[in-house]
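Structure file model-v5.cif (mmCIF, C-alpha atoms and all ligand atoms) is printed below.
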```
data_target
loop_
_atom_site.label_atom_id
_atom_site.label_comp_id
_atom_site.auth_asym_id
_atom_site.auth_seq_id
_atom_site.Cartn_x
_atom_site.Cartn_y
_atom_site.Cartn_z
CA GLU X 1 62.89 62.55 38.80
CA LYS X 2 63.70 58.92 39.58
CA GLY X 3 60.53 58.68 41.60
CA GLY X 4 62.34 57.54 44.75
CA TYR X 5 64.26 54.79 42.97
CA GLU X 6 68.02 54.70 42.86
CA HIS X 7 68.15 54.35 39.09
CA PHE X 8 65.96 55.08 36.12
CA MET X 9 66.14 51.43 35.14
CA MET X 10 64.48 50.33 38.39
CA LYS X 11 61.87 53.06 38.07
CA GLU X 12 61.13 51.91 34.53
CA ILE X 13 61.00 48.24 35.54
CA HIS X 14 58.33 49.25 38.05
CA GLU X 15 56.44 51.29 35.49
CA GLN X 16 55.84 48.18 33.41
CA PRO X 17 52.43 47.20 34.77
CA LYS X 18 51.15 50.67 33.92
CA ALA X 19 52.93 50.89 30.57
CA VAL X 20 51.57 47.50 29.53
CA LYS X 21 48.10 48.46 30.70
CA ASP X 22 48.22 51.78 28.84
CA THR X 23 49.28 50.05 25.65
CA LEU X 24 46.56 47.40 25.99
CA ASN X 25 43.91 50.00 26.75
CA SER X 26 44.92 52.04 23.73
CA TYR X 27 44.06 49.20 21.38
CA ILE X 28 41.45 47.13 23.21
CA LYS X 29 38.12 48.91 23.14
CA GLY X 30 34.67 48.11 24.53
CA GLU X 31 33.30 46.41 27.62
CA GLY X 32 32.85 42.82 28.77
CA GLU X 33 32.39 40.36 25.92
CA GLN X 34 32.14 43.25 23.49
CA LYS X 35 35.83 43.94 23.80
CA VAL X 36 37.70 44.14 20.52
CA ILE X 37 41.15 45.06 19.28
CA ASP X 38 40.77 48.33 17.43
CA LEU X 39 43.55 49.14 14.98
CA ALA X 40 41.78 52.17 13.50
CA ASP X 41 44.49 54.49 14.82
CA VAL X 42 47.09 52.25 13.20
CA GLY X 43 45.14 52.41 9.96
CA LEU X 44 45.45 48.72 9.26
CA GLY X 45 42.15 47.66 7.73
CA GLU X 46 40.67 44.17 7.50
CA GLU X 47 41.22 43.88 3.76
CA GLU X 48 44.84 44.79 4.14
CA ILE X 49 45.27 42.24 6.93
CA LYS X 50 43.69 39.48 4.85
CA GLU X 51 46.07 40.14 1.98
CA ILE X 52 49.32 39.72 3.93
CA GLU X 53 51.31 36.75 2.65
CA GLN X 54 54.57 37.28 4.47
CA ILE X 55 55.73 39.36 7.42
CA TYR X 56 59.23 40.63 8.04
CA VAL X 57 60.03 42.00 11.48
CA VAL X 58 63.11 44.19 11.25
CA ALA X 59 64.84 45.78 14.23
CA CYS X 60 68.00 46.01 16.35
CA GLY X 61 68.90 44.81 19.83
CA SER X 62 66.03 44.29 22.20
CA ALA X 63 63.55 45.37 19.55
CA TRP X 64 64.87 42.50 17.43
CA HIS X 65 64.19 40.20 20.38
CA VAL X 66 60.61 41.40 20.29
CA GLY X 67 60.60 40.30 16.67
CA MET X 68 61.85 36.86 17.68
CA ALA X 69 59.02 36.50 20.19
CA SER X 70 56.40 37.93 17.84
CA GLN X 71 57.42 35.46 15.17
CA TYR X 72 56.33 32.52 17.29
CA VAL X 73 53.07 34.15 18.30
CA ILE X 74 52.07 35.45 14.86
CA GLU X 75 52.96 32.20 13.11
CA ASP X 76 51.14 30.12 15.70
CA LEU X 77 47.96 32.20 15.90
CA ALA X 78 47.69 33.87 12.51
CA ASP X 79 49.43 31.27 10.37
CA ILE X 80 51.41 33.87 8.40
CA PRO X 81 55.09 33.14 7.71
CA VAL X 82 57.30 35.57 9.63
CA ARG X 83 60.96 36.36 9.09
CA VAL X 84 62.85 38.23 11.75
CA GLU X 85 65.75 40.30 10.52
CA LEU X 86 68.44 42.42 12.07
CA ALA X 87 68.07 45.83 10.45
CA SER X 88 71.81 46.04 9.83
CA GLU X 89 71.65 42.80 7.82
CA PHE X 90 68.30 43.26 6.11
CA ARG X 91 69.63 46.43 4.50
CA TYR X 92 72.49 44.80 2.70
CA ARG X 93 70.87 41.74 1.24
CA LYS X 94 69.05 41.23 -1.96
CA LEU X 95 65.46 40.98 -0.92
CA PRO X 96 63.41 38.95 -3.35
CA VAL X 97 59.83 40.07 -2.91
CA ASN X 98 57.14 37.63 -3.84
CA GLY X 99 53.57 38.53 -3.09
CA LYS X 100 52.25 40.91 -0.51
CA GLY X 101 54.52 41.48 2.38
CA LEU X 102 54.26 43.58 5.50
CA VAL X 103 57.45 44.90 7.05
CA ILE X 104 57.18 45.64 10.76
CA ILE X 105 59.93 47.91 12.06
CA VAL X 106 60.24 47.86 15.83
CA SER X 107 62.05 50.75 17.51
CA GLN X 108 61.70 52.47 20.86
CA SER X 109 63.43 55.67 19.78
CA GLY X 110 62.25 55.65 16.20
CA GLU X 111 65.69 57.00 15.30
CA THR X 112 67.92 53.92 15.06
CA ALA X 113 69.91 54.46 11.85
CA ASP X 114 69.82 50.89 10.54
CA SER X 115 66.13 50.47 11.33
CA LEU X 116 65.30 53.73 9.57
CA GLU X 117 67.27 52.71 6.47
CA ALA X 118 65.64 49.28 6.51
CA LEU X 119 62.26 51.00 6.54
CA ARG X 120 63.25 53.14 3.56
CA LEU X 121 64.46 50.09 1.67
CA ALA X 122 61.23 48.21 2.35
CA LYS X 123 59.24 51.14 1.01
CA GLN X 124 61.39 51.29 -2.11
CA LYS X 125 60.65 47.63 -2.67
CA GLY X 126 56.97 48.40 -2.57
CA LEU X 127 56.34 46.61 0.71
CA LYS X 128 53.79 47.90 3.20
CA THR X 129 55.40 49.14 6.38
CA LEU X 130 54.19 49.25 9.95
CA ALA X 131 56.30 50.82 12.69
CA ILE X 132 56.00 49.90 16.34
CA VAL X 133 57.50 52.98 17.97
CA ASN X 134 57.55 54.67 21.36
CA VAL X 135 58.65 58.19 20.49
CA VAL X 136 55.85 60.14 18.87
CA GLY X 137 56.87 62.02 15.76
CA SER X 138 60.23 60.26 15.45
CA SER X 139 61.72 59.63 11.98
CA ILE X 140 60.54 56.02 11.76
CA ALA X 141 57.06 56.99 12.93
CA ARG X 142 56.89 59.74 10.33
CA GLU X 143 58.04 57.66 7.40
CA ALA X 144 56.20 54.37 7.94
CA ASP X 145 52.86 53.72 6.22
CA HIS X 146 51.29 52.69 9.53
CA VAL X 147 52.32 53.43 13.10
CA MET X 148 51.43 51.50 16.21
CA TYR X 149 52.62 53.46 19.20
CA THR X 150 53.75 51.82 22.38
CA PHE X 151 52.57 53.80 25.37
CA ALA X 152 55.61 53.27 27.55
CA GLY X 153 56.29 56.93 28.28
CA PRO X 154 59.84 58.30 28.14
CA GLU X 155 62.51 55.68 28.73
CA ILE X 156 65.79 57.06 30.09
CA ALA X 157 67.89 54.03 31.08
CA VAL X 158 70.00 52.71 28.22
CA ALA X 159 68.83 49.17 28.98
CA THR X 160 65.29 48.99 27.73
CA THR X 161 62.61 47.45 29.93
CA LYS X 162 59.21 49.08 29.64
CA ALA X 163 59.59 49.88 25.95
CA TYR X 164 60.47 46.25 25.28
CA SER X 165 57.46 45.07 27.29
CA THR X 166 55.05 47.33 25.45
CA GLN X 167 56.51 46.33 22.08
CA LEU X 168 55.80 42.71 22.97
CA ILE X 169 52.20 43.68 23.69
CA CYS X 170 51.89 45.24 20.23
CA GLY X 171 53.20 42.01 18.71
CA TYR X 172 50.58 39.99 20.59
CA LEU X 173 47.77 42.36 19.65
CA LEU X 174 48.68 42.12 15.98
CA ALA X 175 48.88 38.33 16.19
CA VAL X 176 45.47 37.99 17.84
CA GLN X 177 43.84 40.48 15.49
CA PHE X 178 45.37 38.93 12.38
CA ALA X 179 44.16 35.52 13.55
CA LYS X 180 40.64 36.89 14.09
CA VAL X 181 40.39 38.75 10.81
CA ARG X 182 41.70 35.75 8.90
CA GLY X 183 39.10 33.51 10.51
CA LEU X 184 41.50 31.34 12.47
CA ILE X 185 40.05 31.85 15.94
CA ASP X 186 36.42 32.01 17.00
CA ASP X 187 34.84 34.62 19.28
CA GLU X 188 35.33 32.53 22.37
CA LYS X 189 39.04 32.11 21.77
CA TYR X 190 39.33 35.79 20.89
CA ASP X 191 37.70 36.84 24.16
CA TYR X 192 39.95 34.43 26.01
CA TYR X 193 43.10 35.94 24.49
CA LEU X 194 41.93 39.46 25.30
CA GLU X 195 41.26 38.49 28.91
CA GLU X 196 44.67 36.85 29.16
CA LEU X 197 46.33 39.97 27.79
CA LEU X 198 44.43 42.26 30.14
CA ALA X 199 45.48 40.09 33.09
CA LEU X 200 49.20 40.62 32.42
CA PRO X 201 49.76 43.94 34.29
CA GLU X 202 48.61 42.50 37.60
CA LYS X 203 50.80 39.43 37.15
CA ILE X 204 53.83 41.60 36.39
CA GLU X 205 53.07 43.52 39.58
CA LYS X 206 53.06 40.28 41.51
CA ILE X 207 56.48 39.28 40.19
CA LEU X 208 57.89 42.69 41.13
CA SER X 209 56.68 42.27 44.69
CA ASP X 210 59.13 39.39 45.13
CA LYS X 211 62.21 41.14 43.78
CA GLU X 212 64.35 40.77 46.90
CA ARG X 213 64.83 37.08 46.16
CA ILE X 214 66.37 37.94 42.81
CA GLN X 215 68.52 40.57 44.48
CA TRP X 216 69.89 37.95 46.85
CA PHE X 217 70.59 35.57 43.99
CA ALA X 218 72.27 38.29 41.89
CA SER X 219 74.68 39.08 44.71
CA LYS X 220 75.76 35.42 44.74
CA PHE X 221 76.72 35.43 41.07
CA SER X 222 77.97 38.97 40.58
CA ASN X 223 81.53 37.70 40.10
CA ALA X 224 80.59 35.22 37.40
CA HIS X 225 82.61 35.18 34.14
CA ASP X 226 79.96 33.66 31.95
CA ILE X 227 76.24 33.14 32.21
CA PHE X 228 74.19 31.04 29.81
CA PHE X 229 70.49 31.42 29.13
CA ILE X 230 68.66 28.62 27.36
CA GLY X 231 65.16 27.96 26.16
CA ARG X 232 63.18 26.66 23.23
CA GLY X 233 60.66 28.51 21.11
CA LEU X 234 59.34 31.57 22.89
CA ASP X 235 61.57 30.74 25.82
CA TYR X 236 64.54 31.13 23.51
CA ALA X 237 63.32 34.58 22.48
CA ILE X 238 63.09 35.58 26.14
CA SER X 239 66.53 34.10 26.83
CA LEU X 240 67.99 36.41 24.21
CA GLU X 241 66.58 39.40 26.04
CA GLY X 242 67.65 38.14 29.48
CA SER X 243 71.17 37.62 28.20
CA LEU X 244 71.41 41.07 26.62
CA LYS X 245 70.16 42.72 29.81
CA MET X 246 72.82 40.87 31.75
CA LYS X 247 75.74 41.70 29.49
CA GLU X 248 74.94 45.30 28.71
CA ILE X 249 74.73 46.51 32.29
CA SER X 250 76.71 43.96 34.34
CA TYR X 251 79.56 43.42 31.84
CA ILE X 252 79.39 39.70 32.46
CA HIS X 253 79.78 37.72 29.29
CA SER X 254 76.59 35.89 28.61
CA GLU X 255 75.00 33.99 25.79
CA ALA X 256 71.53 32.88 24.95
CA TYR X 257 71.14 29.59 23.23
CA ALA X 258 68.31 27.66 21.76
CA ALA X 259 68.46 24.82 24.26
CA GLY X 260 68.92 22.09 21.68
CA GLU X 261 71.81 23.90 20.05
CA LEU X 262 74.01 23.98 23.13
CA LYS X 263 75.47 20.57 22.54
CA HIS X 264 76.67 21.59 19.10
CA GLY X 265 79.62 23.41 20.55
CA THR X 266 78.85 25.81 23.35
CA ILE X 267 78.46 23.17 26.04
CA SER X 268 82.27 22.91 26.09
CA LEU X 269 82.26 26.26 27.90
CA ILE X 270 80.39 24.87 30.90
CA GLU X 271 82.67 24.53 33.90
CA ASN X 272 82.23 23.89 37.56
CA GLY X 273 79.92 26.57 38.92
CA THR X 274 78.95 28.18 35.58
CA LEU X 275 75.47 29.67 35.94
CA LEU X 276 72.96 28.32 33.45
CA ILE X 277 69.46 29.75 33.42
CA GLY X 278 66.72 27.68 31.83
CA VAL X 279 63.52 29.46 30.78
CA LEU X 280 60.62 27.03 30.95
CA THR X 281 57.22 28.53 30.19
CA GLN X 282 56.25 26.35 27.22
CA LYS X 283 54.65 23.13 28.35
CA GLN X 284 55.42 21.12 25.22
CA LEU X 285 59.10 22.02 25.34
CA TYR X 286 59.54 21.80 29.09
CA GLU X 287 60.93 18.27 29.37
CA LYS X 288 63.33 18.77 26.50
CA THR X 289 64.85 21.91 28.00
CA VAL X 290 65.05 20.35 31.46
CA SER X 291 67.02 17.50 29.96
CA ASN X 292 69.44 20.01 28.37
CA MET X 293 69.76 21.67 31.75
CA THR X 294 70.61 18.43 33.50
CA GLU X 295 73.23 17.65 30.84
CA CYS X 296 74.91 20.90 31.85
CA LYS X 297 74.51 20.15 35.54
CA SER X 298 76.39 16.90 35.13
CA ARG X 299 79.21 19.02 33.68
CA GLY X 300 79.26 21.22 36.74
CA ALA X 301 76.74 23.97 35.90
CA TYR X 302 74.73 25.68 38.61
CA LEU X 303 71.11 25.69 37.43
CA MET X 304 68.50 28.36 37.78
CA GLY X 305 65.05 27.43 36.52
CA LEU X 306 62.44 30.01 35.54
CA THR X 307 59.01 28.47 35.25
CA THR X 308 55.36 28.84 36.17
CA TYR X 309 53.82 28.03 39.55
CA GLY X 310 52.86 24.38 39.65
CA HIS X 311 56.00 22.99 38.01
CA TYR X 312 57.46 22.22 41.42
CA GLU X 313 59.23 19.09 40.19
CA ILE X 314 61.81 21.45 38.70
CA GLU X 315 63.28 21.61 42.18
CA ASP X 316 64.55 18.07 41.66
CA HIS X 317 66.89 19.43 38.99
CA ALA X 318 67.51 23.14 39.45
CA ASP X 319 69.53 24.65 42.30
CA PHE X 320 67.47 27.83 42.38
CA VAL X 321 63.97 28.35 41.03
CA VAL X 322 61.94 31.44 40.22
CA TYR X 323 58.23 30.95 39.66
CA ILE X 324 56.00 33.23 37.64
CA PRO X 325 52.20 33.30 37.52
CA LYS X 326 50.42 31.20 34.92
CA ALA X 327 49.36 32.91 31.71
CA ASP X 328 48.45 31.80 28.24
CA GLU X 329 51.73 30.43 26.88
CA HIS X 330 51.81 32.84 23.94
CA PHE X 331 52.09 35.72 26.39
CA ALA X 332 54.18 34.11 29.15
CA GLY X 333 57.32 35.84 27.92
CA SER X 334 55.97 39.12 29.25
CA LEU X 335 56.21 37.59 32.71
CA ALA X 336 59.39 35.55 32.31
CA VAL X 337 61.38 38.57 31.22
CA ILE X 338 60.73 40.48 34.47
CA PRO X 339 62.94 38.37 36.77
CA LEU X 340 65.63 38.44 34.07
CA GLN X 341 65.53 42.25 33.93
CA LEU X 342 65.82 42.30 37.71
CA LEU X 343 68.71 39.87 37.62
CA GLY X 344 70.65 42.08 35.21
CA TYR X 345 69.83 45.14 37.26
CA TYR X 346 70.84 43.73 40.64
CA THR X 347 74.02 42.22 39.23
CA SER X 348 75.03 45.62 37.90
CA VAL X 349 74.22 47.25 41.24
CA ALA X 350 76.14 44.57 43.16
CA LYS X 351 79.17 45.34 40.99
CA GLY X 352 78.81 49.06 41.61
CA LEU X 353 78.43 49.86 37.90
CA ASP X 354 76.68 52.73 36.18
CA VAL X 355 73.36 50.96 35.65
CA ASP X 356 71.62 53.64 33.63
CA LYS X 357 74.56 54.57 31.45
CA PRO X 358 76.66 51.48 30.77
CA ARG X 359 80.02 52.01 29.13
CA ASN X 360 80.28 52.31 25.34
CA LEU X 361 76.53 52.44 24.84
CA ALA X 362 74.07 55.14 23.79
CA LYS X 363 70.32 55.16 24.28
CA SER X 364 69.68 55.75 20.65
CA VAL X 365 72.08 54.36 18.04
CA THR X 366 72.03 56.86 15.20
CA VAL X 367 75.24 55.64 13.57
CA GLU X 368 75.35 52.68 11.21
O1 LIG D 401 65.47 52.65 19.83
P1 LIG D 401 65.51 51.25 19.35
O2 LIG D 401 64.43 50.40 19.90
O3 LIG D 401 65.53 51.17 17.82
O4 LIG D 401 66.88 50.66 19.83
C1 LIG D 401 67.30 49.39 19.46
C2 LIG D 401 68.45 48.91 20.33
O5 LIG D 401 69.53 49.79 20.22
C3 LIG D 401 68.05 48.76 21.80
O6 LIG D 401 66.97 47.90 21.97
C4 LIG D 401 69.24 48.24 22.63
O7 LIG D 401 69.53 46.92 22.27
C5 LIG D 401 68.93 48.36 24.13
N1 LIG D 401 69.97 49.11 24.78
C6 LIG D 401 68.83 47.05 24.84
O8 LIG D 401 68.54 47.23 26.17
#
```

Would you write out, as structure tokens, the structure that this file holds?
Ligand code: M6R
Amino acid sequence: EKGGYEHFMMKEIHEQPKAVKDTLNSYIKGEGEQKVIDLADVGLGEEEIKEIEQIYVVACGSAWHVGMASQYVIEDLADIPVRVELASEFRYRKLPVNGKGLVIIVSQSGETADSLEALRLAKQKGLKTLAIVNVVGSSIAREADHVMYTFAGPEIAVATTKAYSTQLICGYLLAVQFAKVRGLIDDEKYDYYLEELLALPEKIEKILSDKERIQWFASKFSNAHDIFFIGRGLDYAISLEGSLKMKEISYIHSEAYAAGELKHGTISLIENGTLLIGVLTQKQLYEKTVSNMTECKSRGAYLMGLTTYGHYEIEDHADFVVYIPKADEHFAGSLAVIPLQLLGYYTSVAKGLDVDKPRNLAKSVTVE
């Protein structure tokens, strides 16, 4: 049942190229330059898309991290303001609604109690709701106005990998389609984004083929007390996910920080040998994050850099570097997250922990 892998998590990590491809192929229709994103199954029409004035992405855990990443992509491409909310917070706040809002609930299981209640609240407020869900027929899928399924297949390991990756894809597809419908990108740019999206599965495959290097690195740091992940913009969103993967299955305390925020307190935790991982896929933010990394190095941190092929000058600063293939920067997170999933996985294995069923956690959190 684990397909020859030792754990479901590793099997699911390896299923990502296919899961991503299946999700892309479910929404991208047509051949060659005639390819289009088709949201007919989601039931989100052009008029409805044009009317959206505000988007809320509401979710928990890794699904919330998908919201964080989607925020950057939707705001950048489609120019619609996006707020990302933890479902357990969204529920208990007054929510002033001005104008036409779309609430996107992201949930693998479709049964997370807080996410379900947040969906119900949004509906009560008269907001349109769209659920990005993996489990067909789940409560959230049944109650939302629109459903965009992720085609990840069943996910068994508590730590999500392929569901997260397919949720990201849904976020990108919505961003590109919203941008197109609202007249913000021309046909050429649209085709380019679709090609870039369709190229992701092969690039993920390529990263997976080099996993032994990450395994080696994980064994070096499996006794760490703290690990810090930093990045700016989309790289911050990916850092959040990398950090959660690490802590939930390896039980090593870790934090993700927006790189510029580190020096407002957290940098005092850096000691000799503390591992700091810098995510560097966004060209415009690259230098700034590198400079935050070197600040930590001068305080004793051991630096791992995660960047795209070509940025070889990073080796002047970082002690260990992982390169990922180039992709359009909006979608680079889908690649950057893979080594971070592997790092969490191999650290857990090196510590002899129960990778698929970490302590105190359930796959689906149906309590509030
Ligand atoms: O089923 P959901 O997507 O609603 O679950 C949300 C979170 O509980 C989930 O993503 C959790 O954070 C994962 N264990 C992270 O790997």

Problem set entry | Distance filter 7 Å around ligand LIG 401 (chain D), atoms: only C-alpha atoms and all ligand atoms, out as an MDAnalysis selection string | chainID X and resid 59:63 106:112 115 158:160 244:245 363:365

Exercise. Quick one: of X:Arg299, X:His146, X:Lys162, X:Arg359, who's nearest to Tyr251 (chain X), counting only C-alpha atoms?
Worked result: X:Arg359

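Each of X:Gly3, X:Gly242, X:Pro81, X:Gly260 was compared to Val337 (chain X) using all atoms listed in the file, and X:Gly242 turns out to be the nearest.
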
For this session: Give me the residues within 8 Å of Ser219 (chain X) as number ranges by chain, counting all atoms listed in the file and dropping any in the same chain fewer than 2 places off.
Result: X: 215-217, 221-222, 346-347, 350

Exercise. For Lys35 (chain X), which residue out of X:Leu173, X:Ile52, X:His317, X:Tyr190 is the nearest one, using all atoms listed in the file?
Worked result: X:Tyr190

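Between Lys11 (chain X) and the residues X:Ile169, X:Val367, X:Ile156, X:Ala78, the shortest atom-to-atom distance, using only C-alpha atoms, involves X:Ile156.
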
For this session: Find the residues around region 301-305 of chain X up to 12 Å (all atoms listed in the file counted), leave out those fewer than 4 positions away in its own chain, and share them as a PyMOL selection string.
Result: chain X and resi 214+217-218+220-221+224+226-231+235+239+267-281+286+289-297+309+311-324+336+339-340+343

Problem set entry | Separation of CA of Asp328 (chain X) from CA of Glu196 (chain X), in Å and rounded to one decimal | 6.4 Å

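Of note, CA of Arg182 (chain X) and CA of Glu47 (chain X) are spaced 9.6 Å apart.
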
For this session: Can you pull out every residue within 7 Å of region 127-141 of chain X, counting all atoms listed in the file, but drop anything in the same chain fewer than 4 positions away, and send it as a ChimeraX atom specification?
Result: /X:101-111,116,122-123,145-152,163,167

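Among the candidate residues X:Gln124, X:Thr166, X:Gln341, X:Ser26, the one lying nearest to Asp41 (chain X) is X:Ser26, with distances computed using all atoms listed in the file.
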
Selection as a PDB file with C-alpha atoms, keeping the file's coordinate frame: residues within 12 Å of (56.6, 53.0, 38.1), counting only C-alpha atoms:
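That gives us selection15.pdb:
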```
ATOM      1  CA  GLU X   1      62.890  62.550  38.800  1.00  0.00           C
ATOM      2  CA  LYS X   2      63.700  58.920  39.580  1.00  0.00           C
ATOM      3  CA  GLY X   3      60.530  58.680  41.600  1.00  0.00           C
ATOM      4  CA  GLY X   4      62.340  57.540  44.750  1.00  0.00           C
ATOM      5  CA  TYR X   5      64.260  54.790  42.970  1.00  0.00           C
ATOM      6  CA  HIS X   7      68.150  54.350  39.090  1.00  0.00           C
ATOM      7  CA  PHE X   8      65.960  55.080  36.120  1.00  0.00           C
ATOM      8  CA  MET X   9      66.140  51.430  35.140  1.00  0.00           C
ATOM      9  CA  MET X  10      64.480  50.330  38.390  1.00  0.00           C
ATOM     10  CA  LYS X  11      61.870  53.060  38.070  1.00  0.00           C
ATOM     11  CA  GLU X  12      61.130  51.910  34.530  1.00  0.00           C
ATOM     12  CA  ILE X  13      61.000  48.240  35.540  1.00  0.00           C
ATOM     13  CA  HIS X  14      58.330  49.250  38.050  1.00  0.00           C
ATOM     14  CA  GLU X  15      56.440  51.290  35.490  1.00  0.00           C
ATOM     15  CA  GLN X  16      55.840  48.180  33.410  1.00  0.00           C
ATOM     16  CA  PRO X  17      52.430  47.200  34.770  1.00  0.00           C
ATOM     17  CA  LYS X  18      51.150  50.670  33.920  1.00  0.00           C
ATOM     18  CA  ALA X  19      52.930  50.890  30.570  1.00  0.00           C
ATOM     19  CA  VAL X  20      51.570  47.500  29.530  1.00  0.00           C
ATOM     20  CA  ALA X 152      55.610  53.270  27.550  1.00  0.00           C
ATOM     21  CA  GLY X 153      56.290  56.930  28.280  1.00  0.00           C
ATOM     22  CA  PRO X 154      59.840  58.300  28.140  1.00  0.00           C
ATOM     23  CA  GLU X 155      62.510  55.680  28.730  1.00  0.00           C
ATOM     24  CA  THR X 161      62.610  47.450  29.930  1.00  0.00           C
ATOM     25  CA  LYS X 162      59.210  49.080  29.640  1.00  0.00           C
ATOM     26  CA  PRO X 201      49.760  43.940  34.290  1.00  0.00           C
ATOM     27  CA  ILE X 204      53.830  41.600  36.390  1.00  0.00           C
ATOM     28  CA  GLU X 205      53.070  43.520  39.580  1.00  0.00           C
ATOM     29  CA  LEU X 208      57.890  42.690  41.130  1.00  0.00           C
TER      30      LEU X 208
END
```

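Across the model, the gap from CA of Leu200 (chain X) to CA of Ala327 (chain X) is 7.7 Å.
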
Problem set entry | Pick from X:Ala237, X:His264, X:Lys203, X:Val73, whichever lies nearest to Lys21 (chain X) using all atoms listed in the file | X:Lys203

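Every protein or nucleic acid residue with an atom no more than 6 Å from Val82 (chain X), counting all atoms listed in the file and leaving out same-chain residues fewer than 5 positions away, appears here: Ile55, Tyr56 and Gln71 of chain X.
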